[in-house]
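The structure file protein39.cif is reproduced below (mmCIF, N, CA and C atoms).
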```
data_structure
loop_
_atom_site.label_atom_id
_atom_site.label_comp_id
_atom_site.auth_asym_id
_atom_site.auth_seq_id
_atom_site.Cartn_x
_atom_site.Cartn_y
_atom_site.Cartn_z
N MET A 1 -1.35 74.22 30.52
CA MET A 1 -1.55 75.62 30.18
C MET A 1 -1.32 76.51 31.40
N LYS A 2 -1.83 76.07 32.56
CA LYS A 2 -1.64 76.85 33.78
C LYS A 2 -0.15 76.97 34.11
N LYS A 3 0.59 75.88 33.92
CA LYS A 3 2.02 75.88 34.21
C LYS A 3 2.75 76.87 33.30
N PHE A 4 2.36 76.89 32.02
CA PHE A 4 2.99 77.80 31.07
C PHE A 4 2.70 79.25 31.45
N LEU A 5 1.44 79.53 31.79
CA LEU A 5 1.04 80.89 32.17
C LEU A 5 1.78 81.33 33.43
N PHE A 6 1.86 80.44 34.42
CA PHE A 6 2.59 80.76 35.66
C PHE A 6 4.05 81.07 35.36
N THR A 7 4.69 80.25 34.52
CA THR A 7 6.10 80.45 34.18
C THR A 7 6.29 81.77 33.44
N ALA A 8 5.38 82.08 32.52
CA ALA A 8 5.48 83.34 31.76
C ALA A 8 5.32 84.53 32.70
N LEU A 9 4.35 84.48 33.62
CA LEU A 9 4.16 85.57 34.57
C LEU A 9 5.36 85.71 35.50
N LEU A 10 5.92 84.60 35.92
CA LEU A 10 7.10 84.63 36.78
C LEU A 10 8.27 85.27 36.05
N ALA A 11 8.45 84.95 34.78
CA ALA A 11 9.54 85.52 33.99
C ALA A 11 9.37 87.04 33.85
N VAL A 12 8.17 87.49 33.57
CA VAL A 12 7.91 88.93 33.44
C VAL A 12 8.15 89.64 34.77
N ALA A 13 7.65 89.06 35.85
CA ALA A 13 7.86 89.66 37.17
C ALA A 13 9.34 89.70 37.53
N SER A 14 10.06 88.66 37.18
CA SER A 14 11.49 88.60 37.46
C SER A 14 12.24 89.68 36.70
N LEU A 15 11.90 89.84 35.44
CA LEU A 15 12.56 90.87 34.62
C LEU A 15 12.26 92.26 35.16
N LEU A 16 11.02 92.51 35.58
CA LEU A 16 10.69 93.80 36.15
C LEU A 16 11.47 94.05 37.44
N ALA A 17 11.60 93.02 38.26
CA ALA A 17 12.36 93.15 39.51
C ALA A 17 13.82 93.45 39.22
N PHE A 18 14.37 92.78 38.21
CA PHE A 18 15.76 93.03 37.85
C PHE A 18 15.96 94.45 37.35
N ASN A 19 15.06 94.94 36.52
CA ASN A 19 15.20 96.28 35.96
C ASN A 19 15.05 97.35 37.02
N ALA A 20 14.32 97.06 38.08
CA ALA A 20 14.10 98.03 39.14
C ALA A 20 15.36 98.25 39.98
N GLN A 21 16.27 97.31 39.96
CA GLN A 21 17.48 97.43 40.76
C GLN A 21 18.57 98.12 39.94
N ALA A 22 19.12 99.18 40.51
CA ALA A 22 20.16 99.93 39.82
C ALA A 22 21.37 99.05 39.55
N GLY A 23 21.91 99.16 38.37
CA GLY A 23 23.11 98.42 38.03
C GLY A 23 22.88 97.04 37.48
N ASP A 24 21.70 96.48 37.63
CA ASP A 24 21.43 95.15 37.11
C ASP A 24 21.05 95.23 35.64
N LYS A 25 21.72 94.42 34.85
CA LYS A 25 21.47 94.39 33.40
C LYS A 25 21.05 92.97 33.02
N PRO A 26 19.87 92.82 32.40
CA PRO A 26 19.44 91.48 32.00
C PRO A 26 20.44 90.86 31.01
N ILE A 27 20.67 89.56 31.18
CA ILE A 27 21.55 88.82 30.28
C ILE A 27 20.90 87.48 29.94
N ALA A 28 21.41 86.83 28.93
CA ALA A 28 20.95 85.49 28.58
C ALA A 28 21.60 84.49 29.53
N ALA A 29 20.93 83.39 29.79
CA ALA A 29 21.48 82.35 30.67
C ALA A 29 22.82 81.85 30.14
N SER A 30 23.01 81.88 28.84
CA SER A 30 24.26 81.42 28.23
C SER A 30 25.45 82.32 28.58
N GLU A 31 25.18 83.51 29.12
CA GLU A 31 26.25 84.44 29.49
C GLU A 31 26.73 84.25 30.93
N LEU A 32 26.12 83.33 31.65
CA LEU A 32 26.54 83.06 33.03
C LEU A 32 27.85 82.28 33.03
N PRO A 33 28.66 82.43 34.08
CA PRO A 33 29.89 81.63 34.19
C PRO A 33 29.56 80.14 34.21
N ALA A 34 30.48 79.33 33.74
CA ALA A 34 30.28 77.88 33.64
C ALA A 34 29.93 77.26 34.99
N GLU A 35 30.58 77.69 36.05
CA GLU A 35 30.30 77.11 37.37
C GLU A 35 28.87 77.41 37.81
N ALA A 36 28.37 78.59 37.48
CA ALA A 36 26.98 78.93 37.80
C ALA A 36 26.02 78.05 37.00
N THR A 37 26.31 77.87 35.73
CA THR A 37 25.47 77.03 34.87
C THR A 37 25.42 75.60 35.40
N ASN A 38 26.55 75.07 35.82
CA ASN A 38 26.59 73.71 36.38
C ASN A 38 25.80 73.61 37.68
N PHE A 39 25.87 74.63 38.52
CA PHE A 39 25.12 74.64 39.77
C PHE A 39 23.62 74.64 39.50
N ILE A 40 23.19 75.43 38.53
CA ILE A 40 21.77 75.54 38.18
C ILE A 40 21.21 74.20 37.71
N LYS A 41 22.03 73.37 37.09
CA LYS A 41 21.57 72.07 36.59
C LYS A 41 21.03 71.19 37.71
N GLN A 42 21.48 71.42 38.95
CA GLN A 42 21.01 70.63 40.09
C GLN A 42 19.54 70.89 40.41
N PHE A 43 18.95 71.95 39.84
CA PHE A 43 17.56 72.31 40.10
C PHE A 43 16.62 71.78 39.02
N ALA A 44 17.14 71.00 38.08
CA ALA A 44 16.30 70.44 37.00
C ALA A 44 15.14 69.69 37.62
N PRO A 45 13.99 69.81 37.05
CA PRO A 45 13.64 70.32 35.73
C PRO A 45 13.43 71.83 35.66
N ALA A 46 13.64 72.56 36.76
CA ALA A 46 13.48 74.02 36.72
C ALA A 46 14.47 74.61 35.71
N THR A 47 14.05 75.67 35.08
CA THR A 47 14.88 76.34 34.08
C THR A 47 15.03 77.82 34.44
N VAL A 48 15.99 78.47 33.83
CA VAL A 48 16.23 79.90 34.06
C VAL A 48 15.12 80.70 33.38
N THR A 49 14.43 81.54 34.16
CA THR A 49 13.41 82.42 33.59
C THR A 49 13.96 83.83 33.40
N ALA A 50 14.97 84.20 34.18
CA ALA A 50 15.59 85.52 34.06
C ALA A 50 16.98 85.47 34.68
N ALA A 51 17.88 86.23 34.10
CA ALA A 51 19.24 86.34 34.63
C ALA A 51 19.70 87.78 34.45
N ALA A 52 20.54 88.24 35.35
CA ALA A 52 21.05 89.60 35.28
C ALA A 52 22.47 89.64 35.83
N VAL A 53 23.18 90.66 35.41
CA VAL A 53 24.52 90.89 35.92
C VAL A 53 24.56 92.28 36.54
N ASP A 54 25.18 92.38 37.71
CA ASP A 54 25.44 93.66 38.36
C ASP A 54 26.92 93.90 38.10
N ASP A 55 27.20 94.61 37.04
CA ASP A 55 28.57 94.75 36.57
C ASP A 55 29.22 95.99 37.15
N ASP A 56 29.64 95.87 38.42
CA ASP A 56 30.35 97.00 38.99
C ASP A 56 31.76 97.03 38.38
N PHE A 57 32.51 98.02 38.70
CA PHE A 57 33.79 98.25 38.04
C PHE A 57 34.78 97.11 38.22
N PHE A 58 34.79 96.49 39.39
CA PHE A 58 35.81 95.49 39.69
C PHE A 58 35.45 94.08 39.25
N ARG A 59 34.26 93.63 39.59
CA ARG A 59 33.86 92.28 39.21
C ARG A 59 32.34 92.15 39.24
N PRO A 60 31.81 91.47 38.25
CA PRO A 60 30.35 91.34 38.17
C PRO A 60 29.81 90.28 39.13
N ASP A 61 28.59 90.50 39.58
CA ASP A 61 27.84 89.51 40.33
C ASP A 61 26.61 89.17 39.50
N TYR A 62 26.10 87.97 39.66
CA TYR A 62 24.98 87.50 38.84
C TYR A 62 23.79 87.14 39.70
N LYS A 63 22.60 87.36 39.14
CA LYS A 63 21.35 86.97 39.80
C LYS A 63 20.55 86.16 38.80
N VAL A 64 19.94 85.08 39.30
CA VAL A 64 19.19 84.18 38.43
C VAL A 64 17.88 83.81 39.11
N PHE A 65 16.79 83.81 38.32
CA PHE A 65 15.50 83.31 38.79
C PHE A 65 15.16 82.07 38.00
N LEU A 66 14.69 81.02 38.71
CA LEU A 66 14.32 79.78 38.06
C LEU A 66 12.80 79.62 38.02
N SER A 67 12.34 78.76 37.16
CA SER A 67 10.91 78.55 36.95
C SER A 67 10.19 77.98 38.16
N ASP A 68 10.92 77.40 39.11
CA ASP A 68 10.28 76.86 40.32
C ASP A 68 10.23 77.88 41.46
N GLY A 69 10.61 79.13 41.18
CA GLY A 69 10.58 80.18 42.19
C GLY A 69 11.89 80.38 42.93
N THR A 70 12.90 79.62 42.59
CA THR A 70 14.21 79.76 43.23
C THR A 70 14.93 81.00 42.70
N ALA A 71 15.56 81.74 43.61
CA ALA A 71 16.40 82.88 43.26
C ALA A 71 17.82 82.55 43.74
N ILE A 72 18.80 82.74 42.86
CA ILE A 72 20.18 82.43 43.19
C ILE A 72 21.06 83.63 42.87
N GLU A 73 21.97 83.95 43.78
CA GLU A 73 22.97 84.98 43.54
C GLU A 73 24.33 84.29 43.44
N PHE A 74 25.12 84.71 42.46
CA PHE A 74 26.44 84.16 42.22
C PHE A 74 27.49 85.27 42.29
N ARG A 75 28.68 84.91 42.76
CA ARG A 75 29.81 85.82 42.72
C ARG A 75 30.37 85.88 41.31
N HIS A 76 31.31 86.74 41.09
CA HIS A 76 31.90 86.96 39.76
C HIS A 76 32.44 85.68 39.13
N ASN A 77 32.90 84.75 39.95
CA ASN A 77 33.52 83.52 39.44
C ASN A 77 32.50 82.39 39.23
N GLY A 78 31.23 82.65 39.51
CA GLY A 78 30.19 81.65 39.30
C GLY A 78 29.88 80.81 40.52
N LYS A 79 30.56 81.06 41.65
CA LYS A 79 30.26 80.33 42.88
C LYS A 79 28.99 80.94 43.50
N TRP A 80 28.09 80.08 43.97
CA TRP A 80 26.85 80.57 44.55
C TRP A 80 27.13 81.32 45.85
N GLU A 81 26.31 82.34 46.08
CA GLU A 81 26.44 83.14 47.29
C GLU A 81 25.16 83.04 48.14
N GLU A 82 24.02 82.92 47.45
CA GLU A 82 22.76 82.79 48.17
C GLU A 82 21.75 82.07 47.29
N VAL A 83 20.95 81.21 47.95
CA VAL A 83 19.88 80.48 47.28
C VAL A 83 18.63 80.66 48.12
N LYS A 84 17.52 81.08 47.48
CA LYS A 84 16.25 81.30 48.19
C LYS A 84 15.12 80.60 47.44
N ASN A 85 14.23 80.01 48.22
CA ASN A 85 12.97 79.50 47.67
C ASN A 85 12.04 79.24 48.85
N HIS A 86 10.92 79.96 48.91
CA HIS A 86 10.01 79.83 50.05
C HIS A 86 9.38 78.43 50.14
N ASN A 87 9.46 77.64 49.05
CA ASN A 87 8.94 76.26 49.08
C ASN A 87 10.00 75.26 49.54
N GLY A 88 11.22 75.70 49.66
CA GLY A 88 12.30 74.83 50.09
C GLY A 88 13.37 74.65 49.03
N ILE A 89 14.58 74.48 49.49
CA ILE A 89 15.75 74.30 48.63
C ILE A 89 16.11 72.82 48.61
N PRO A 90 16.45 72.28 47.44
CA PRO A 90 16.83 70.86 47.38
C PRO A 90 18.04 70.56 48.27
N THR A 91 17.97 69.46 49.00
CA THR A 91 19.05 69.06 49.90
C THR A 91 20.37 68.90 49.16
N LYS A 92 20.33 68.49 47.90
CA LYS A 92 21.57 68.22 47.17
C LYS A 92 22.42 69.47 46.93
N VAL A 93 21.86 70.68 47.11
CA VAL A 93 22.68 71.88 46.94
C VAL A 93 23.21 72.41 48.27
N ILE A 94 22.83 71.76 49.36
CA ILE A 94 23.29 72.15 50.69
C ILE A 94 24.55 71.35 51.00
N PRO A 95 25.62 72.01 51.49
CA PRO A 95 26.83 71.26 51.83
C PRO A 95 26.52 70.06 52.72
N ALA A 96 27.19 68.94 52.47
CA ALA A 96 26.89 67.65 53.11
C ALA A 96 26.86 67.71 54.64
N ALA A 97 27.83 68.37 55.25
CA ALA A 97 27.88 68.43 56.72
C ALA A 97 26.68 69.18 57.28
N ILE A 98 26.27 70.22 56.59
CA ILE A 98 25.11 71.00 57.04
C ILE A 98 23.83 70.18 56.84
N ALA A 99 23.71 69.53 55.69
CA ALA A 99 22.54 68.68 55.42
C ALA A 99 22.42 67.59 56.48
N LYS A 100 23.54 67.01 56.89
CA LYS A 100 23.53 65.96 57.91
C LYS A 100 23.05 66.52 59.25
N TYR A 101 23.53 67.71 59.61
CA TYR A 101 23.10 68.35 60.86
C TYR A 101 21.60 68.64 60.82
N LEU A 102 21.12 69.17 59.70
CA LEU A 102 19.70 69.49 59.56
C LEU A 102 18.85 68.23 59.64
N ASP A 103 19.30 67.16 59.02
CA ASP A 103 18.55 65.91 59.05
C ASP A 103 18.44 65.36 60.48
N ALA A 104 19.52 65.52 61.24
CA ALA A 104 19.53 65.01 62.61
C ALA A 104 18.73 65.89 63.58
N ASN A 105 18.69 67.20 63.32
CA ASN A 105 18.09 68.12 64.29
C ASN A 105 16.81 68.81 63.83
N TYR A 106 16.58 68.88 62.53
CA TYR A 106 15.40 69.58 62.00
C TYR A 106 14.77 68.79 60.86
N LYS A 107 14.69 67.51 61.04
CA LYS A 107 14.16 66.61 60.00
C LYS A 107 12.77 67.06 59.56
N GLY A 108 12.61 67.18 58.24
CA GLY A 108 11.32 67.55 57.68
C GLY A 108 11.04 69.03 57.61
N VAL A 109 11.93 69.86 58.14
CA VAL A 109 11.75 71.31 58.09
C VAL A 109 12.50 71.84 56.86
N ALA A 110 11.79 72.54 55.99
CA ALA A 110 12.39 73.03 54.74
C ALA A 110 13.39 74.15 54.97
N VAL A 111 14.46 74.11 54.21
CA VAL A 111 15.43 75.20 54.17
C VAL A 111 14.92 76.17 53.11
N THR A 112 14.66 77.41 53.50
CA THR A 112 14.14 78.40 52.55
C THR A 112 15.21 79.36 52.04
N ASN A 113 16.34 79.38 52.72
CA ASN A 113 17.42 80.28 52.32
C ASN A 113 18.74 79.75 52.85
N ILE A 114 19.75 79.74 52.01
CA ILE A 114 21.10 79.44 52.45
C ILE A 114 22.03 80.44 51.79
N SER A 115 22.92 80.98 52.58
CA SER A 115 23.88 81.93 52.03
C SER A 115 25.28 81.58 52.51
N TYR A 116 26.24 81.92 51.68
CA TYR A 116 27.64 81.68 51.98
C TYR A 116 28.34 83.03 51.96
N ASP A 117 29.03 83.36 53.02
CA ASP A 117 29.70 84.65 53.13
C ASP A 117 31.21 84.44 53.21
N ALA A 118 31.88 84.64 52.10
CA ALA A 118 33.34 84.47 52.06
C ALA A 118 34.05 85.54 52.88
N ASP A 119 33.38 86.67 53.11
CA ASP A 119 34.00 87.75 53.87
C ASP A 119 33.85 87.56 55.38
N ASP A 120 32.96 86.69 55.81
CA ASP A 120 32.72 86.45 57.23
C ASP A 120 33.27 85.07 57.61
N LEU A 121 34.57 84.90 57.46
CA LEU A 121 35.26 83.67 57.82
C LEU A 121 34.67 82.44 57.11
N ASP A 122 34.25 82.62 55.89
CA ASP A 122 33.69 81.52 55.10
C ASP A 122 32.55 80.84 55.85
N SER A 123 31.56 81.60 56.28
CA SER A 123 30.47 81.02 57.06
C SER A 123 29.22 80.86 56.21
N TYR A 124 28.36 79.95 56.67
CA TYR A 124 27.06 79.69 56.04
C TYR A 124 25.96 80.12 56.99
N GLU A 125 24.91 80.70 56.43
CA GLU A 125 23.72 81.01 57.21
C GLU A 125 22.55 80.29 56.55
N VAL A 126 21.78 79.58 57.37
CA VAL A 126 20.66 78.78 56.88
C VAL A 126 19.39 79.27 57.57
N LYS A 127 18.35 79.54 56.75
CA LYS A 127 17.06 79.93 57.30
C LYS A 127 16.07 78.81 57.00
N LEU A 128 15.34 78.42 58.05
CA LEU A 128 14.37 77.34 57.93
C LEU A 128 12.95 77.90 57.83
N ALA A 129 12.05 77.09 57.30
CA ALA A 129 10.65 77.49 57.19
C ALA A 129 10.05 77.79 58.56
N SER A 130 10.60 77.22 59.61
CA SER A 130 10.13 77.44 60.98
C SER A 130 10.64 78.76 61.56
N ARG A 131 11.31 79.56 60.74
CA ARG A 131 11.85 80.88 61.10
C ARG A 131 13.07 80.81 62.01
N ILE A 132 13.68 79.66 62.08
CA ILE A 132 14.93 79.50 62.81
C ILE A 132 16.07 79.79 61.85
N GLU A 133 17.07 80.52 62.33
CA GLU A 133 18.26 80.82 61.55
C GLU A 133 19.45 80.15 62.21
N LEU A 134 20.23 79.44 61.41
CA LEU A 134 21.39 78.71 61.91
C LEU A 134 22.64 79.22 61.22
N LYS A 135 23.73 79.23 61.94
CA LYS A 135 25.00 79.65 61.36
C LYS A 135 26.00 78.51 61.51
N PHE A 136 26.77 78.28 60.44
CA PHE A 136 27.77 77.21 60.38
C PHE A 136 29.10 77.79 59.91
N ASP A 137 30.20 77.16 60.33
CA ASP A 137 31.50 77.59 59.85
C ASP A 137 31.74 77.01 58.45
N ARG A 138 32.89 77.28 57.89
CA ARG A 138 33.20 76.86 56.51
C ARG A 138 33.19 75.34 56.33
N ASN A 139 33.36 74.59 57.43
CA ASN A 139 33.36 73.13 57.35
C ASN A 139 31.99 72.52 57.65
N GLY A 140 31.00 73.37 57.87
CA GLY A 140 29.67 72.88 58.16
C GLY A 140 29.42 72.58 59.62
N ASN A 141 30.31 73.02 60.49
CA ASN A 141 30.12 72.83 61.93
C ASN A 141 29.17 73.89 62.46
N PHE A 142 28.18 73.45 63.23
CA PHE A 142 27.18 74.34 63.80
C PHE A 142 27.84 75.35 64.74
N LEU A 143 27.45 76.64 64.61
CA LEU A 143 27.98 77.69 65.47
C LEU A 143 26.92 78.28 66.40
N MET A 144 25.77 78.66 65.83
CA MET A 144 24.75 79.31 66.65
C MET A 144 23.38 79.25 65.99
N MET A 145 22.34 79.53 66.80
CA MET A 145 20.97 79.54 66.34
C MET A 145 20.30 80.82 66.81
N GLU A 146 19.43 81.37 65.97
CA GLU A 146 18.60 82.52 66.32
C GLU A 146 17.19 82.24 65.85
N TYR A 147 16.24 82.92 66.48
CA TYR A 147 14.86 82.79 66.04
C TYR A 147 14.44 84.13 65.46
N ASP A 148 13.94 84.13 64.23
CA ASP A 148 13.51 85.35 63.56
C ASP A 148 12.04 85.59 63.84
N ASP A 149 11.72 86.55 64.75
CA ASP A 149 10.32 86.81 65.05
C ASP A 149 9.87 87.94 64.26
#
```
Exercise: express the given structure as structure tokens:
Amino acid sequence: MKKFLFTALLAVASLLAFNAQAGDKPIAASELPAEATNFIKQFAPATVTAAAVDDDFFRPDYKVFLSDGTAIEFRHNGKWEEVKNHNGIPTKVIPAAIAKYLDANYKGVAVTNISYDADDLDSYEVKLASRIELKFDRNGNFLMMEYDD
């Protein structure tokens, strides 16, 4: 019962957050691009509690909230752009080269945010629970580290 109540409250809060953002229109999970739907399956047993589209004139972007607290942003084609969860992101959604680097250098430290920026030379930015931010190139090669104070 507690799990159901938590999920229902999360869904309501997610919908309110989506409506507060200009341009975001709530949609059904079935309206997401196929690639986004396939990516979301990696978070099972978590399910979609809310989804929205920011349908600007040129191409829509999608936002999804999952029942485990994960928030995911997708580009128009369904490729993920950012994944957030303060409890940690599953290793299986992190590119293999980056996951290997993290395992070797930050074993046991949760990844709370990963983003992919196609406009910044196809780079990845990873934020750890320890407040360390790491940047990787498109191949998962480590570039730099910062500390977020």
Identify all residues satisfying the PyMOL selection byres (((chain A and resi 90 and name CA) around 9) and name CA) in the given file; provide them as a PyMOL selection string.
chain A and resi 42-43+88-89+91-94+110-111
> the PyMOL selection byres ((chain A and resi 144-149) around 6.5) on the file shown: which residues, as a PyMOL selection string?
Replying inline: chain A and resi 131-136+142-143
Kindly provide, as JSON, the centre and edge lengths (Å, one decimal) of an axis-aligned box around all atoms of stretch 119-124 of chain A given in the file, with 5 Å on each side.
```
{"center_x": 30.6, "center_y": 83.7, "center_z": 55.5, "size_x": 19.3, "size_y": 18.1, "size_z": 14.7}
```
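What the PyMOL selection byres ((chain A and resi 82-87) around 7) picks from this file is Asp68, Gly69, Thr70, Ala71, Ile72, Glu73, Phe74, Arg75, Lys79, Trp80, Glu81, Gly88, Ile89, Ala110, Val111, Thr112, Asn113, Ile114, Ser115 and Tyr116 of chain A.
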Put those residues in a file: N, CA and C atoms, as a PDB file, in the coordinates of the input.
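Once everything was written out, this is part_6.pdb:
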```
ATOM      1  N   ASP A  68      10.920  77.400  39.110  1.00  0.00           N
ATOM      2  CA  ASP A  68      10.280  76.860  40.320  1.00  0.00           C
ATOM      3  C   ASP A  68      10.230  77.880  41.460  1.00  0.00           C
ATOM      4  N   GLY A  69      10.610  79.130  41.180  1.00  0.00           N
ATOM      5  CA  GLY A  69      10.580  80.180  42.190  1.00  0.00           C
ATOM      6  C   GLY A  69      11.890  80.380  42.930  1.00  0.00           C
ATOM      7  N   THR A  70      12.900  79.620  42.590  1.00  0.00           N
ATOM      8  CA  THR A  70      14.210  79.760  43.230  1.00  0.00           C
ATOM      9  C   THR A  70      14.930  81.000  42.700  1.00  0.00           C
ATOM     10  N   ALA A  71      15.560  81.740  43.610  1.00  0.00           N
ATOM     11  CA  ALA A  71      16.400  82.880  43.260  1.00  0.00           C
ATOM     12  C   ALA A  71      17.820  82.550  43.740  1.00  0.00           C
ATOM     13  N   ILE A  72      18.800  82.740  42.860  1.00  0.00           N
ATOM     14  CA  ILE A  72      20.180  82.430  43.190  1.00  0.00           C
ATOM     15  C   ILE A  72      21.060  83.630  42.870  1.00  0.00           C
ATOM     16  N   GLU A  73      21.970  83.950  43.780  1.00  0.00           N
ATOM     17  CA  GLU A  73      22.970  84.980  43.540  1.00  0.00           C
ATOM     18  C   GLU A  73      24.330  84.290  43.440  1.00  0.00           C
ATOM     19  N   PHE A  74      25.120  84.710  42.460  1.00  0.00           N
ATOM     20  CA  PHE A  74      26.440  84.160  42.220  1.00  0.00           C
ATOM     21  C   PHE A  74      27.490  85.270  42.290  1.00  0.00           C
ATOM     22  N   ARG A  75      28.680  84.910  42.760  1.00  0.00           N
ATOM     23  CA  ARG A  75      29.810  85.820  42.720  1.00  0.00           C
ATOM     24  C   ARG A  75      30.370  85.880  41.310  1.00  0.00           C
ATOM     25  N   LYS A  79      30.560  81.060  41.650  1.00  0.00           N
ATOM     26  CA  LYS A  79      30.260  80.330  42.880  1.00  0.00           C
ATOM     27  C   LYS A  79      28.990  80.940  43.500  1.00  0.00           C
ATOM     28  N   TRP A  80      28.090  80.080  43.970  1.00  0.00           N
ATOM     29  CA  TRP A  80      26.850  80.570  44.550  1.00  0.00           C
ATOM     30  C   TRP A  80      27.130  81.320  45.850  1.00  0.00           C
ATOM     31  N   GLU A  81      26.310  82.340  46.080  1.00  0.00           N
ATOM     32  CA  GLU A  81      26.440  83.140  47.290  1.00  0.00           C
ATOM     33  C   GLU A  81      25.160  83.040  48.140  1.00  0.00           C
ATOM     34  N   GLY A  88      11.220  75.700  49.660  1.00  0.00           N
ATOM     35  CA  GLY A  88      12.300  74.830  50.090  1.00  0.00           C
ATOM     36  C   GLY A  88      13.370  74.650  49.030  1.00  0.00           C
ATOM     37  N   ILE A  89      14.580  74.480  49.490  1.00  0.00           N
ATOM     38  CA  ILE A  89      15.750  74.300  48.630  1.00  0.00           C
ATOM     39  C   ILE A  89      16.110  72.820  48.610  1.00  0.00           C
ATOM     40  N   ALA A 110      11.790  72.540  55.990  1.00  0.00           N
ATOM     41  CA  ALA A 110      12.390  73.030  54.740  1.00  0.00           C
ATOM     42  C   ALA A 110      13.390  74.150  54.970  1.00  0.00           C
ATOM     43  N   VAL A 111      14.460  74.110  54.210  1.00  0.00           N
ATOM     44  CA  VAL A 111      15.430  75.200  54.170  1.00  0.00           C
ATOM     45  C   VAL A 111      14.920  76.170  53.110  1.00  0.00           C
ATOM     46  N   THR A 112      14.660  77.410  53.500  1.00  0.00           N
ATOM     47  CA  THR A 112      14.140  78.400  52.550  1.00  0.00           C
ATOM     48  C   THR A 112      15.210  79.360  52.040  1.00  0.00           C
ATOM     49  N   ASN A 113      16.340  79.380  52.720  1.00  0.00           N
ATOM     50  CA  ASN A 113      17.420  80.280  52.320  1.00  0.00           C
ATOM     51  C   ASN A 113      18.740  79.750  52.850  1.00  0.00           C
ATOM     52  N   ILE A 114      19.750  79.740  52.010  1.00  0.00           N
ATOM     53  CA  ILE A 114      21.100  79.440  52.450  1.00  0.00           C
ATOM     54  C   ILE A 114      22.030  80.440  51.790  1.00  0.00           C
ATOM     55  N   SER A 115      22.920  80.980  52.580  1.00  0.00           N
ATOM     56  CA  SER A 115      23.880  81.930  52.030  1.00  0.00           C
ATOM     57  C   SER A 115      25.280  81.580  52.510  1.00  0.00           C
ATOM     58  N   TYR A 116      26.240  81.920  51.680  1.00  0.00           N
ATOM     59  CA  TYR A 116      27.640  81.680  51.980  1.00  0.00           C
ATOM     60  C   TYR A 116      28.340  83.030  51.960  1.00  0.00           C
TER      61      TYR A 116
END
```
Expressed in Å, the length from atom CA of A:Lys25 to atom CA of A:Asn38 is 21.5 Å
Margin query: Please extract the residues of chain A with a backbone DSSP assignment of alpha helix (DSSP H) and present them as number ranges by chain.
Written below: A: 2-20, 34-40, 96-105
From the options A:Tyr101, A:Asn77, A:Arg138, A:Arg59, which residue's atoms come nearest to A:Asp119, counting only C-alpha atoms?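 For A:Asp119, the nearest of the given residues is A:Arg138.
Between atom C of A:Tyr62 and atom CA of A:Ala29 there is a distance of 10.5 Å.
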message: Just want the 10 Å neighbourhood of A:Ala44, counted on only C-alpha atoms, with same-chain residues fewer than 3 positions away dropped. Output as JSON, numbers by chain.
response: {"A": [40, 41, 47, 48, 66, 67, 68]}
Quiz item: Do you have the atom CA of A:Glu125-atom CA of A:Leu32 distance handy?
Solution: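 Atom CA of A:Glu125 sits 24.4 Å away from atom CA of A:Leu32.
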DSSP on the backbone: what in chain A comes out strand (DSSP E or B), as an MDAnalysis selection string?
chainID A and resid 24:27 48:55 60:66 71:74 80:84 111:117 123:128 132:136 142:147
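Nearest residue to A:Leu121 among A:Asn139, A:Asn105, A:Thr37, A:Thr49 is A:Asn139, counting all atoms listed in the file.
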For A:Pro26, the closest of A:Lys127, A:Ala50, A:His76, A:Pro45 counting all atoms listed in the file is A:Ala50
